[in-house]
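Here's run31.tsv, which has TSV, C-alpha atoms:
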```
chain	number	residue	atom	x	y	z
A	1	GLN	CA	101.82	132.45	36.84
A	2	VAL	CA	104.46	133.39	39.39
A	3	THR	CA	105.76	130.00	40.34
A	4	GLY	CA	108.84	127.81	40.50
A	5	HIS	CA	112.56	128.50	40.65
A	6	LEU	CA	114.12	131.95	41.26
A	7	ASP	CA	117.19	132.96	39.21
A	8	ASP	CA	120.51	133.24	41.10
A	9	CYS	CA	118.98	131.33	44.06
A	10	THR	CA	118.48	127.77	45.21
A	11	CYS	CA	114.94	128.66	46.28
A	12	ASP	CA	111.47	128.70	44.73
A	13	VAL	CA	108.30	130.75	45.07
A	14	GLU	CA	106.26	128.00	46.78
A	15	THR	CA	108.78	127.47	49.61
A	16	ILE	CA	108.83	131.20	50.38
A	17	ASP	CA	105.02	131.46	50.29
A	18	ALA	CA	104.53	128.61	52.74
A	19	PHE	CA	107.25	129.84	55.13
A	20	ASN	CA	106.08	133.46	55.08
A	21	ASN	CA	102.31	133.02	55.14
A	22	TYR	CA	102.07	130.36	57.83
A	23	LYS	CA	105.12	130.94	60.02
A	24	LEU	CA	106.80	134.32	59.77
A	25	PHE	CA	104.32	137.01	58.75
A	26	PRO	CA	101.72	136.55	61.55
A	27	ARG	CA	104.49	136.93	64.17
A	28	LEU	CA	106.12	139.87	62.40
A	29	ASN	CA	102.81	141.69	62.05
A	30	GLU	CA	102.25	141.56	65.82
A	31	LEU	CA	105.74	142.95	66.45
A	32	LEU	CA	105.21	145.87	64.08
A	33	GLU	CA	102.13	146.97	66.00
A	34	SER	CA	104.17	147.50	69.17
A	35	ASP	CA	105.26	150.99	70.29
A	36	TYR	CA	108.94	150.47	69.49
A	37	PHE	CA	108.26	149.68	65.84
A	38	ARG	CA	105.27	151.90	65.06
A	39	TYR	CA	106.99	155.28	65.61
A	40	TYR	CA	109.49	156.39	62.99
A	41	LYS	CA	111.29	159.72	63.02
A	42	VAL	CA	111.51	161.35	59.64
A	43	ASN	CA	112.22	164.72	58.08
A	44	LEU	CA	109.67	165.21	55.33
A	45	LYS	CA	110.74	168.80	54.68
A	46	LYS	CA	114.18	168.21	53.18
A	47	PRO	CA	114.48	169.82	49.75
A	48	CYS	CA	115.04	167.65	46.70
A	49	PRO	CA	118.82	167.69	46.03
A	50	PHE	CA	118.56	166.92	42.31
A	51	TRP	CA	115.96	169.17	40.71
A	52	ASN	CA	113.58	172.03	41.51
A	53	GLU	CA	109.91	171.32	41.80
A	54	ASN	CA	108.43	173.63	39.17
A	55	SER	CA	104.78	172.64	39.00
A	56	HIS	CA	102.18	175.30	39.79
A	57	CYS	CA	101.26	173.38	42.89
A	58	GLY	CA	104.07	171.03	43.81
A	59	ILE	CA	102.08	168.22	45.44
A	60	ARG	CA	104.81	168.17	48.10
A	61	ASP	CA	103.19	171.32	49.52
A	62	CYS	CA	99.58	170.37	48.83
A	63	ALA	CA	99.93	167.11	50.74
A	64	VAL	CA	99.75	168.74	54.15
A	65	LYS	CA	98.63	172.30	53.56
A	66	PRO	CA	96.81	174.30	50.91
A	67	CYS	CA	98.76	175.65	47.96
A	68	PRO	CA	100.09	179.21	48.51
A	69	SER	CA	97.80	181.54	46.60
A	70	ASP	CA	100.64	182.88	44.44
A	71	LYS	CA	101.29	179.36	43.14
A	72	VAL	CA	97.70	178.82	42.03
A	73	PRO	CA	96.88	179.91	38.45
A	74	ASP	CA	94.67	183.03	38.26
A	75	GLY	CA	91.90	181.07	36.58
A	76	ILE	CA	91.44	178.98	39.70
A	77	ARG	CA	91.71	181.83	42.20
A	78	SER	CA	89.07	184.00	40.59
A	79	GLY	CA	85.57	182.66	40.06
A	80	SER	CA	84.92	185.28	37.35
A	81	TYR	CA	87.39	183.63	34.96
A	82	LYS	CA	86.46	180.69	32.77
A	83	TYR	CA	88.40	177.73	34.19
A	84	SER	CA	90.68	176.08	31.71
A	85	GLU	CA	90.45	172.28	31.76
A	86	GLU	CA	94.10	172.01	32.72
A	87	ALA	CA	93.82	174.52	35.58
A	88	ASN	CA	90.65	172.87	36.81
A	89	ASN	CA	92.26	169.42	36.84
A	90	HIS	CA	95.25	170.85	38.67
A	91	ALA	CA	93.02	172.30	41.40
A	92	GLU	CA	91.22	168.98	41.82
A	93	GLU	CA	94.52	167.06	41.98
A	94	CYS	CA	95.77	169.51	44.57
A	95	GLU	CA	92.72	169.08	46.77
A	96	GLU	CA	92.78	165.29	46.37
A	97	ALA	CA	96.46	165.07	47.29
A	98	LYS	CA	95.95	167.37	50.27
A	99	ARG	CA	93.05	165.21	51.53
A	100	LEU	CA	94.61	161.80	50.84
A	101	GLY	CA	98.24	162.55	51.59
A	102	ALA	CA	98.08	164.35	54.94
A	103	VAL	CA	100.39	162.74	57.49
A	104	ASP	CA	99.05	162.29	61.01
A	105	GLY	CA	101.92	163.22	63.32
A	106	SER	CA	99.89	163.17	66.55
A	107	LEU	CA	101.61	161.54	69.50
A	108	SER	CA	100.41	161.58	73.08
A	109	GLU	CA	102.61	163.45	75.57
A	110	GLU	CA	103.32	160.19	77.39
A	111	THR	CA	104.52	158.56	74.17
A	112	GLN	CA	106.67	161.59	73.35
A	113	GLN	CA	108.43	161.22	76.70
A	114	ALA	CA	109.12	157.52	76.09
A	115	VAL	CA	110.29	158.27	72.56
A	116	LEU	CA	112.77	160.88	73.86
A	117	GLN	CA	114.38	158.17	75.98
A	118	TRP	CA	114.97	155.75	73.13
A	119	THR	CA	118.73	155.39	72.91
A	120	GLN	CA	120.38	156.64	69.76
A	121	HIS	CA	123.58	155.38	68.13
A	122	ASP	CA	124.92	156.55	64.83
A	123	ASP	CA	127.35	154.85	62.54
A	124	SER	CA	127.34	156.10	58.97
A	125	SER	CA	130.86	155.16	57.88
A	126	ASP	CA	129.67	152.12	55.95
A	127	SER	CA	126.15	153.36	55.37
A	128	PHE	CA	124.21	152.59	52.23
A	129	CYS	CA	121.66	155.31	53.00
A	130	GLU	CA	121.51	159.06	53.30
A	131	ALA	CA	119.84	159.03	56.72
A	132	ASP	CA	117.82	161.94	58.04
A	133	ASP	CA	119.31	164.07	60.79
A	134	ILE	CA	116.89	163.03	63.51
A	135	TYR	CA	117.97	165.99	65.65
A	136	SER	CA	116.88	168.48	63.00
A	137	PRO	CA	113.98	170.71	64.13
A	138	ASP	CA	112.14	169.49	61.03
A	139	ALA	CA	112.38	165.80	61.99
A	140	GLU	CA	109.18	164.49	63.53
A	141	TYR	CA	107.92	161.20	64.87
A	142	VAL	CA	105.21	159.62	62.76
A	143	ASP	CA	102.90	156.82	63.86
A	144	LEU	CA	103.13	154.31	61.01
A	145	LEU	CA	99.87	152.60	62.01
A	146	LEU	CA	97.98	155.89	61.59
A	147	ASN	CA	99.65	156.49	58.22
A	148	PRO	CA	99.29	153.25	56.27
A	149	GLU	CA	100.90	152.99	52.87
A	150	ARG	CA	98.17	153.24	50.23
A	151	TYR	CA	97.13	155.08	47.08
A	152	THR	CA	97.30	158.83	47.69
A	153	GLY	CA	96.49	160.34	44.32
A	154	TYR	CA	100.21	160.89	43.62
A	155	LYS	CA	100.73	159.93	39.98
A	156	GLY	CA	101.61	161.27	36.56
A	157	PRO	CA	104.85	162.95	35.39
A	158	ASP	CA	106.16	163.74	38.90
A	159	ALA	CA	105.91	160.13	40.05
A	160	TRP	CA	107.42	158.90	36.76
A	161	LYS	CA	110.34	161.26	37.20
A	162	ILE	CA	111.29	159.59	40.50
A	163	TRP	CA	111.37	156.07	39.09
A	164	ASN	CA	113.01	157.15	35.85
A	165	SER	CA	115.80	158.79	37.83
A	166	ILE	CA	116.25	155.65	39.93
A	167	TYR	CA	116.40	153.28	36.96
A	168	GLU	CA	118.15	155.46	34.37
A	169	GLU	CA	120.84	157.00	36.56
A	170	ASN	CA	121.27	154.75	39.58
A	171	CYS	CA	120.55	151.20	38.53
A	172	PHE	CA	123.00	148.90	36.79
A	173	LYS	CA	120.94	148.15	33.70
A	174	PRO	CA	121.23	148.44	29.92
A	175	HIS	CA	120.37	151.89	28.59
A	176	ASN	CA	118.17	150.34	25.89
A	177	VAL	CA	115.59	149.51	28.57
A	178	LYS	CA	113.49	152.58	29.31
A	179	ARG	CA	110.80	153.02	31.94
A	180	PRO	CA	110.56	149.47	33.28
A	181	LEU	CA	106.89	149.95	34.14
A	182	ALA	CA	105.70	151.17	30.74
A	183	SER	CA	103.36	148.53	29.38
A	184	GLY	CA	103.56	147.68	25.72
A	185	ARG	CA	107.36	147.90	25.42
A	186	GLY	CA	108.16	144.35	24.44
A	187	GLU	CA	111.66	145.28	23.30
A	188	SER	CA	112.57	146.20	26.90
A	189	PHE	CA	111.98	142.61	27.95
A	190	ILE	CA	114.18	141.26	25.13
A	191	TYR	CA	117.06	143.65	25.92
A	192	LEU	CA	116.80	142.87	29.63
A	193	THR	CA	116.88	139.12	29.03
A	194	LYS	CA	120.07	139.45	26.93
A	195	TRP	CA	121.64	141.78	29.48
A	196	PHE	CA	120.89	139.45	32.41
A	197	SER	CA	122.79	136.61	30.78
A	198	SER	CA	125.90	138.74	30.17
A	199	VAL	CA	126.35	140.80	33.36
A	200	CYS	CA	127.90	139.92	36.74
A	201	VAL	CA	125.74	138.57	39.54
A	202	GLU	CA	126.19	141.72	41.68
A	203	LYS	CA	124.76	144.08	39.03
A	204	ARG	CA	121.93	141.66	38.28
A	205	ALA	CA	121.15	141.52	42.00
A	206	PHE	CA	121.16	145.31	42.39
A	207	TYR	CA	118.71	145.72	39.52
A	208	LYS	CA	116.46	142.97	40.92
A	209	LEU	CA	116.45	144.54	44.39
A	210	ILE	CA	115.26	147.90	43.01
A	211	SER	CA	112.74	146.23	40.70
A	212	GLY	CA	111.47	144.15	43.67
A	213	LEU	CA	111.09	147.28	45.81
A	214	HIS	CA	109.23	149.01	42.96
A	215	ALA	CA	106.93	146.00	42.55
A	216	SER	CA	106.29	145.90	46.29
A	217	ILE	CA	105.28	149.57	46.45
A	218	ASN	CA	103.02	149.20	43.41
A	219	ILE	CA	101.30	146.19	44.98
A	220	HIS	CA	100.64	148.19	48.17
A	221	LEU	CA	99.07	151.02	46.17
A	222	SER	CA	96.93	148.57	44.15
A	223	ALA	CA	95.86	146.65	47.27
A	224	ARG	CA	94.79	149.77	49.19
A	225	TYR	CA	93.21	151.83	46.47
A	226	LEU	CA	90.53	154.47	46.99
A	227	LEU	CA	87.51	152.64	45.54
A	228	GLN	CA	84.76	154.87	46.85
A	229	ASP	CA	84.90	158.47	48.05
A	230	THR	CA	81.63	160.02	49.17
A	231	TRP	CA	80.76	162.52	51.87
A	232	SER	CA	79.64	159.68	54.14
A	233	GLU	CA	82.55	157.26	53.71
A	234	LYS	CA	85.83	156.43	52.04
A	235	LYS	CA	86.31	152.85	50.97
A	236	TRP	CA	89.78	151.41	50.36
A	237	GLY	CA	90.41	148.02	48.79
A	238	PRO	CA	92.08	146.01	46.02
A	239	ASN	CA	92.05	147.52	42.54
A	240	VAL	CA	92.56	144.51	40.29
A	241	THR	CA	92.73	146.56	37.08
A	242	GLU	CA	95.55	148.69	38.49
A	243	PHE	CA	97.42	145.53	39.51
A	244	GLN	CA	96.97	143.92	36.10
A	245	GLN	CA	98.26	146.98	34.25
A	246	ARG	CA	101.52	146.66	36.16
A	247	PHE	CA	101.97	142.89	36.38
A	248	ASP	CA	99.78	140.98	33.90
A	249	GLU	CA	101.99	138.93	31.56
A	250	VAL	CA	100.11	139.91	28.40
A	251	LEU	CA	99.68	143.61	29.22
A	252	THR	CA	103.37	143.99	30.17
A	253	ARG	CA	104.61	141.76	27.32
A	254	GLY	CA	106.26	139.29	29.65
A	255	GLU	CA	107.79	141.71	32.16
A	256	GLY	CA	105.11	141.53	34.88
A	257	PRO	CA	105.85	138.04	36.25
A	258	ARG	CA	109.58	138.86	36.26
A	259	ARG	CA	108.87	141.93	38.40
A	260	LEU	CA	106.94	139.78	40.85
A	261	LYS	CA	109.79	137.26	40.97
A	262	ASN	CA	112.11	140.17	41.79
A	263	LEU	CA	109.87	140.83	44.79
A	264	TYR	CA	110.60	137.28	45.99
A	265	PHE	CA	114.31	137.85	45.38
A	266	LEU	CA	114.18	141.00	47.55
A	267	TYR	CA	112.34	139.03	50.25
A	268	LEU	CA	115.11	136.40	50.25
A	269	ILE	CA	117.84	139.03	50.55
A	270	GLU	CA	116.10	140.75	53.49
A	271	LEU	CA	115.36	137.40	55.15
A	272	ARG	CA	119.07	136.53	54.85
A	273	ALA	CA	120.05	139.77	56.58
A	274	LEU	CA	117.66	139.05	59.47
A	275	SER	CA	119.23	135.63	59.94
A	276	LYS	CA	122.74	137.18	59.93
A	277	VAL	CA	122.04	139.98	62.41
A	278	LEU	CA	120.77	137.69	65.21
A	279	PRO	CA	123.98	138.01	67.37
A	280	PHE	CA	123.51	141.80	67.57
A	281	PHE	CA	120.02	141.45	69.06
A	282	GLU	CA	120.79	138.39	71.23
A	283	ARG	CA	123.14	140.32	73.54
A	284	PRO	CA	121.71	140.74	77.06
A	285	GLY	CA	122.53	144.46	76.91
A	286	PHE	CA	120.30	145.08	73.91
A	287	GLN	CA	116.72	146.09	74.65
A	288	LEU	CA	113.81	147.51	72.70
A	289	TYR	CA	113.48	150.43	75.09
A	290	THR	CA	110.10	152.15	75.34
A	291	GLY	CA	109.99	152.73	79.10
A	292	SER	CA	107.59	149.86	79.86
A	293	LYS	CA	109.81	147.12	81.23
A	294	GLY	CA	107.47	144.11	80.98
A	295	HIS	CA	106.40	145.10	77.48
A	296	ASP	CA	110.02	145.63	76.38
A	297	VAL	CA	111.09	142.19	77.61
A	298	ASP	CA	108.13	140.57	75.86
A	299	MET	CA	108.88	142.39	72.58
A	300	LYS	CA	112.55	141.42	72.65
A	301	SER	CA	111.52	137.80	73.14
A	302	ARG	CA	109.19	138.03	70.13
A	303	LEU	CA	111.88	139.73	68.08
A	304	LEU	CA	114.40	136.94	68.81
A	305	GLU	CA	111.77	134.33	67.95
A	306	ILE	CA	111.33	135.95	64.51
A	307	LEU	CA	115.09	136.18	63.91
A	308	ARG	CA	115.64	132.53	64.91
A	309	LEU	CA	112.78	131.55	62.63
A	310	ALA	CA	114.46	133.50	59.82
A	311	LYS	CA	117.68	131.64	60.52
A	312	SER	CA	115.89	128.28	60.28
A	313	PHE	CA	114.76	128.93	56.70
A	314	PRO	CA	116.17	126.02	54.66
A	315	LEU	CA	116.99	127.70	51.33
A	316	HIS	CA	118.75	130.98	52.13
A	317	PHE	CA	120.31	133.16	49.46
A	318	ASP	CA	124.10	132.65	49.39
A	319	GLU	CA	125.60	136.12	49.53
A	320	ASN	CA	129.12	134.67	49.30
A	321	SER	CA	128.71	134.84	45.53
A	322	PHE	CA	128.85	138.65	45.89
A	323	PHE	CA	132.18	140.39	45.38
A	324	ALA	CA	134.05	137.10	45.39
A	325	GLY	CA	136.43	137.76	42.50
A	326	ASN	CA	139.51	139.97	42.18
A	327	LYS	CA	139.81	141.90	45.46
A	328	LYS	CA	140.58	145.25	43.87
A	329	GLU	CA	137.71	144.95	41.39
A	330	ALA	CA	135.40	143.69	44.14
A	331	ALA	CA	136.19	146.67	46.38
A	332	LYS	CA	135.54	149.07	43.51
A	333	LEU	CA	132.25	147.39	42.66
A	334	LYS	CA	131.12	147.33	46.29
A	335	GLU	CA	131.76	151.08	46.61
A	336	GLU	CA	129.85	151.67	43.37
A	337	PHE	CA	127.01	149.57	44.78
A	338	ARG	CA	127.00	151.65	47.98
A	339	LEU	CA	127.04	155.02	46.21
A	340	HIS	CA	124.29	154.01	43.77
A	341	PHE	CA	122.04	153.00	46.63
A	342	LYS	CA	122.90	156.08	48.67
A	343	ASN	CA	121.81	158.19	45.71
A	344	ILE	CA	118.51	156.33	45.51
A	345	SER	CA	117.88	157.09	49.18
A	346	LYS	CA	118.47	160.80	48.45
A	347	ILE	CA	115.96	160.71	45.57
A	348	MET	CA	113.24	159.91	48.14
A	349	ASP	CA	113.41	163.57	49.22
A	350	CYS	CA	112.12	164.43	45.73
A	351	VAL	CA	108.87	162.46	46.13
A	352	GLY	CA	106.05	165.00	45.93
A	353	CYS	CA	103.50	163.39	48.27
A	354	PHE	CA	104.46	163.33	51.95
A	355	LYS	CA	102.90	159.96	52.69
A	356	CYS	CA	104.62	158.39	49.67
A	357	ARG	CA	107.84	160.07	50.75
A	358	LEU	CA	107.49	158.69	54.27
A	359	TRP	CA	107.11	155.10	53.07
A	360	GLY	CA	109.69	155.51	50.32
A	361	LYS	CA	112.28	156.76	52.82
A	362	LEU	CA	111.43	154.02	55.31
A	363	GLN	CA	111.68	151.20	52.76
A	364	THR	CA	114.91	152.44	51.20
A	365	GLN	CA	116.45	152.86	54.66
A	366	GLY	CA	115.29	149.32	55.47
A	367	LEU	CA	116.96	147.92	52.36
A	368	GLY	CA	120.06	150.05	53.00
A	369	THR	CA	120.24	148.50	56.48
A	370	VAL	CA	119.94	145.03	54.92
A	371	LEU	CA	122.94	145.76	52.67
A	372	LYS	CA	124.90	147.15	55.62
A	373	ILE	CA	124.25	143.92	57.56
A	374	LEU	CA	125.24	141.64	54.67
A	375	PHE	CA	128.46	143.58	54.07
A	376	SER	CA	129.34	143.61	57.80
A	377	GLU	CA	129.31	139.87	58.42
A	378	ASN	CA	132.85	139.79	59.82
A	379	LEU	CA	132.06	142.62	62.25
A	380	ILE	CA	128.85	140.93	63.41
A	381	GLU	CA	130.71	137.68	64.10
A	382	LYS	CA	133.10	139.60	66.38
A	383	ILE	CA	130.36	141.25	68.50
A	384	PRO	CA	131.11	140.54	72.19
A	385	GLU	CA	128.35	138.85	74.18
A	386	SER	CA	128.34	141.70	76.67
A	387	GLY	CA	129.40	145.33	76.55
A	388	PRO	CA	129.12	147.77	73.65
A	389	SER	CA	129.38	146.69	70.03
A	390	TYR	CA	131.84	149.20	68.61
A	391	GLY	CA	132.52	147.48	65.30
A	392	PHE	CA	128.90	147.04	64.22
A	393	GLN	CA	126.00	149.19	65.33
A	394	LEU	CA	122.41	149.79	64.28
A	395	THR	CA	120.53	152.96	65.20
A	396	ARG	CA	116.95	152.74	66.40
A	397	GLN	CA	115.97	154.32	63.06
A	398	GLU	CA	117.69	151.53	61.16
A	399	ILE	CA	116.06	148.84	63.32
A	400	VAL	CA	112.56	150.29	62.87
A	401	ALA	CA	113.13	150.71	59.12
A	402	LEU	CA	114.61	147.21	58.75
A	403	PHE	CA	111.62	145.39	60.25
A	404	ASN	CA	108.91	147.63	58.79
A	405	ALA	CA	110.45	147.36	55.31
A	406	PHE	CA	110.51	143.58	55.65
A	407	GLY	CA	106.92	143.74	56.91
A	408	ARG	CA	105.95	145.50	53.68
A	409	LEU	CA	107.33	142.54	51.69
```
Can you give me the file's structure in the form of structure tokens?
Amino acid sequence: QVTGHLDDCTCDVETIDAFNNYKLFPRLNELLESDYFRYYKVNLKKPCPFWNENSHCGIRDCAVKPCPSDKVPDGIRSGSYKYSEEANNHAEECEEAKRLGAVDGSLSEETQQAVLQWTQHDDSSDSFCEADDIYSPDAEYVDLLLNPERYTGYKGPDAWKIWNSIYEENCFKPHNVKRPLASGRGESFIYLTKWFSSVCVEKRAFYKLISGLHASINIHLSARYLLQDTWSEKKWGPNVTEFQQRFDEVLTRGEGPRRLKNLYFLYLIELRALSKVLPFFERPGFQLYTGSKGHDVDMKSRLLEILRLAKSFPLHFDENSFFAGNKKEAAKLKEEFRLHFKNISKIMDCVGCFKCRLWGKLQTQGLGTVLKILFSENLIEKIPESGPSYGFQLTRQEIVALFNAFGRL
């Protein structure tokens, strides 16, 4: 059902599918398995800046260690009490989250040494993201290949709260539309359709980017769902029912296919950024430094091949339609855009499950880097062929997030 033309673009679903599936994705997947791209430094211990976690066992704690005994209801702690159904469920959820959500931070000593030598640059003046302080004692390197994004048992009111906060407070959308993932709210679709036809292209685009990111994450969780969990084995695989609840046209009263089209829109925006940032990576002085010279040269060559392939895509999104009107109004809207997205990146520190938080932070930083690239076109064009690039810079964190986030799409 997801087919044909994409709104606000000159492109269609079929062109993207063919280009991605046969040309780009196989190459990108190989790149993401290399040392430079598999290790991401993240602080998973930052407190939520917007609200206090007040559940008996905030899953944020359960995900990597047992709940402190004083947070567990008495009925669970003492076997002599009759367990209430609610307390019992809470204990099971806690254990499930702890087992499924634990993050494997193990790195070999050799890798740690190489990682320490990765060069760092920071440039947050035009940042769309609240980046972690990678020098914080709480920031740790995580091997993304050992921590795949998948269903972790993180669901219910806490997960809803995250997305509600993103849509209700930080997304340019009509207030009539509540909870964009709630099935059975046909009126949401009607309001959204009216709103889309009356609002500027920038606000439409912002909403579609967030909706596309949401759809992407939900597809990952549906595709790698815990299907079987016995003492002898865990089996992960596609959960079709879970997917249908979120995207089926009938069950979502028309919203599901639109969400999937927003995923294609997000893909186009990120692809456009990759095509634009080529001059930054083409400079002889830029290297994907891991300490293994032959490997680094090979990886840079593969990286440039992917970026040139991205540039060759025939039906790119035209970002010149963004902020093209009155200069004063455009500047105001751009700053609003930036602050909205920065807020969304901060909300990721409120995600209760560490593994979900890891991938949420990585994907929002990736999209924030995409926006930074698209809004820095003039600076990128002025990058000298040799010597430092003072006007435009990407940190290693941003580079790793940019390509891994695109890999998720």
If you take only C-alpha atoms and a cut-off of 8 Å, which residues of range 272-369 of chain A touch range 146-168 of chain A, and what are their nearest atom pairs and distances in Å to one decimal, in chain and number order, as JSON lines?
```
{"residue": "A:Ile344", "atom": "CA", "partner": "A:Ile166", "partner_atom": "CA", "distance": 6.1}
{"residue": "A:Ile347", "atom": "CA", "partner": "A:Ile162", "partner_atom": "CA", "distance": 7.0}
{"residue": "A:Met348", "atom": "CA", "partner": "A:Ile162", "partner_atom": "CA", "distance": 7.9}
{"residue": "A:Cys350", "atom": "CA", "partner": "A:Ile162", "partner_atom": "CA", "distance": 7.2}
{"residue": "A:Val351", "atom": "CA", "partner": "A:Ile162", "partner_atom": "CA", "distance": 6.8}
{"residue": "A:Gly352", "atom": "CA", "partner": "A:Asp158", "partner_atom": "CA", "distance": 7.1}
{"residue": "A:Cys353", "atom": "CA", "partner": "A:Tyr154", "partner_atom": "CA", "distance": 6.2}
{"residue": "A:Lys355", "atom": "CA", "partner": "A:Glu149", "partner_atom": "CA", "distance": 7.3}
{"residue": "A:Cys356", "atom": "CA", "partner": "A:Glu149", "partner_atom": "CA", "distance": 7.3}
{"residue": "A:Trp359", "atom": "CA", "partner": "A:Glu149", "partner_atom": "CA", "distance": 6.6}
```
Interatomic distance (Å, one decimal) between CA of Gly256 in chain A and CA of Lys334 in chain A: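 That distance, rounded to one decimal, is 29.0 Å.
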Minimum-distance residue to Glu255 in chain A, chosen among A:Ala215, A:Ala205, A:Leu271, A:Leu303 (using only C-alpha atoms):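 That would be A:Ala215, the residue with the smallest distance to Glu255 in chain A.
CA of Arg38 in chain A lies 24.3 Å from CA of Phe19 in chain A.
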Between CA of Gly212 in chain A and CA of Asn262 in chain A, distance in Å (one decimal): 4.4 Å
10 Å contact set for range 2-8 of chain A, all atoms listed in the file, chain neighbours under 3 positions out, as a ChimeraX atom specification: /A:11-15,201,204-205,249,256-262,264-265,317-318,321
Grab the residues selected above and save them as a JSON list (two decimals), in the coordinates of the input with C-alpha atoms.
```
[["chain", "number", "residue", "atom", "x", "y", "z"],
["A", 11, "CYS", "CA", 114.94, 128.66, 46.28],
["A", 12, "ASP", "CA", 111.47, 128.70, 44.73],
["A", 13, "VAL", "CA", 108.30, 130.75, 45.07],
["A", 14, "GLU", "CA", 106.26, 128.00, 46.78],
["A", 15, "THR", "CA", 108.78, 127.47, 49.61],
["A", 201, "VAL", "CA", 125.74, 138.57, 39.54],
["A", 204, "ARG", "CA", 121.93, 141.66, 38.28],
["A", 205, "ALA", "CA", 121.15, 141.52, 42.00],
["A", 249, "GLU", "CA", 101.99, 138.93, 31.56],
["A", 256, "GLY", "CA", 105.11, 141.53, 34.88],
["A", 257, "PRO", "CA", 105.85, 138.04, 36.25],
["A", 258, "ARG", "CA", 109.58, 138.86, 36.26],
["A", 259, "ARG", "CA", 108.87, 141.93, 38.40],
["A", 260, "LEU", "CA", 106.94, 139.78, 40.85],
["A", 261, "LYS", "CA", 109.79, 137.26, 40.97],
["A", 262, "ASN", "CA", 112.11, 140.17, 41.79],
["A", 264, "TYR", "CA", 110.60, 137.28, 45.99],
["A", 265, "PHE", "CA", 114.31, 137.85, 45.38],
["A", 317, "PHE", "CA", 120.31, 133.16, 49.46],
["A", 318, "ASP", "CA", 124.10, 132.65, 49.39],
["A", 321, "SER", "CA", 128.71, 134.84, 45.53]]
```
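Using all atoms listed in the file, the smallest distance between any of A:Phe341, A:Trp231, A:Phe128, A:Tyr141 and Ile373 in chain A comes from A:Phe128.
All residues of protein, DNA or RNA that reach within 12 Å of Asn378 in chain A, judged by only C-alpha atoms and not counting those fewer than 6 positions away in the chain, are Lys276, Val277, Pro279, Lys372, Gly391 and Phe392 of chain A.
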Who sits within 12 Å of Ile219 in chain A, all atoms listed in the file, same chain under 4 positions skipped, as number ranges by chain: A: 149-151, 212-215, 223-225, 237-247, 256, 259-260, 263, 408-409
Ref. answer, residues at most 8 Å from (108.0, 149.2, 73.8) with only C-alpha atoms, as an MDAnalysis selection string: chainID A and resid 34:37 288:293 295:296 299
Closest of A:Leu278, A:Gln397, A:Phe406, A:Asn52 to Glu381 in chain A - atom-to-atom distances counting all atoms listed in the file: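 The closest residue to Glu381 in chain A is A:Leu278.
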Spatial neighbours of Asp349 in chain A, 12 Å, all atoms listed in the file, chain gap at least 5 places, as a PyMOL selection string: chain A and resi 42-53+60+130-132+162+343-344+354-362+364
All residues 12 Å or closer to Glu319 in chain A, all atoms listed in the file, same chain fewer than 4 positions away omitted, as a list in words: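 So, after excluding close chain neighbours, the residues are Asp8, Cys9, Thr10, Val201, Glu202, Ala205, Leu268, Ile269, Glu270, Leu271, Arg272, Ala273, Lys276, Phe323, Ala324, Val370, Leu371, Ile373, Leu374, Phe375, Ser376 and Glu377 of chain A.
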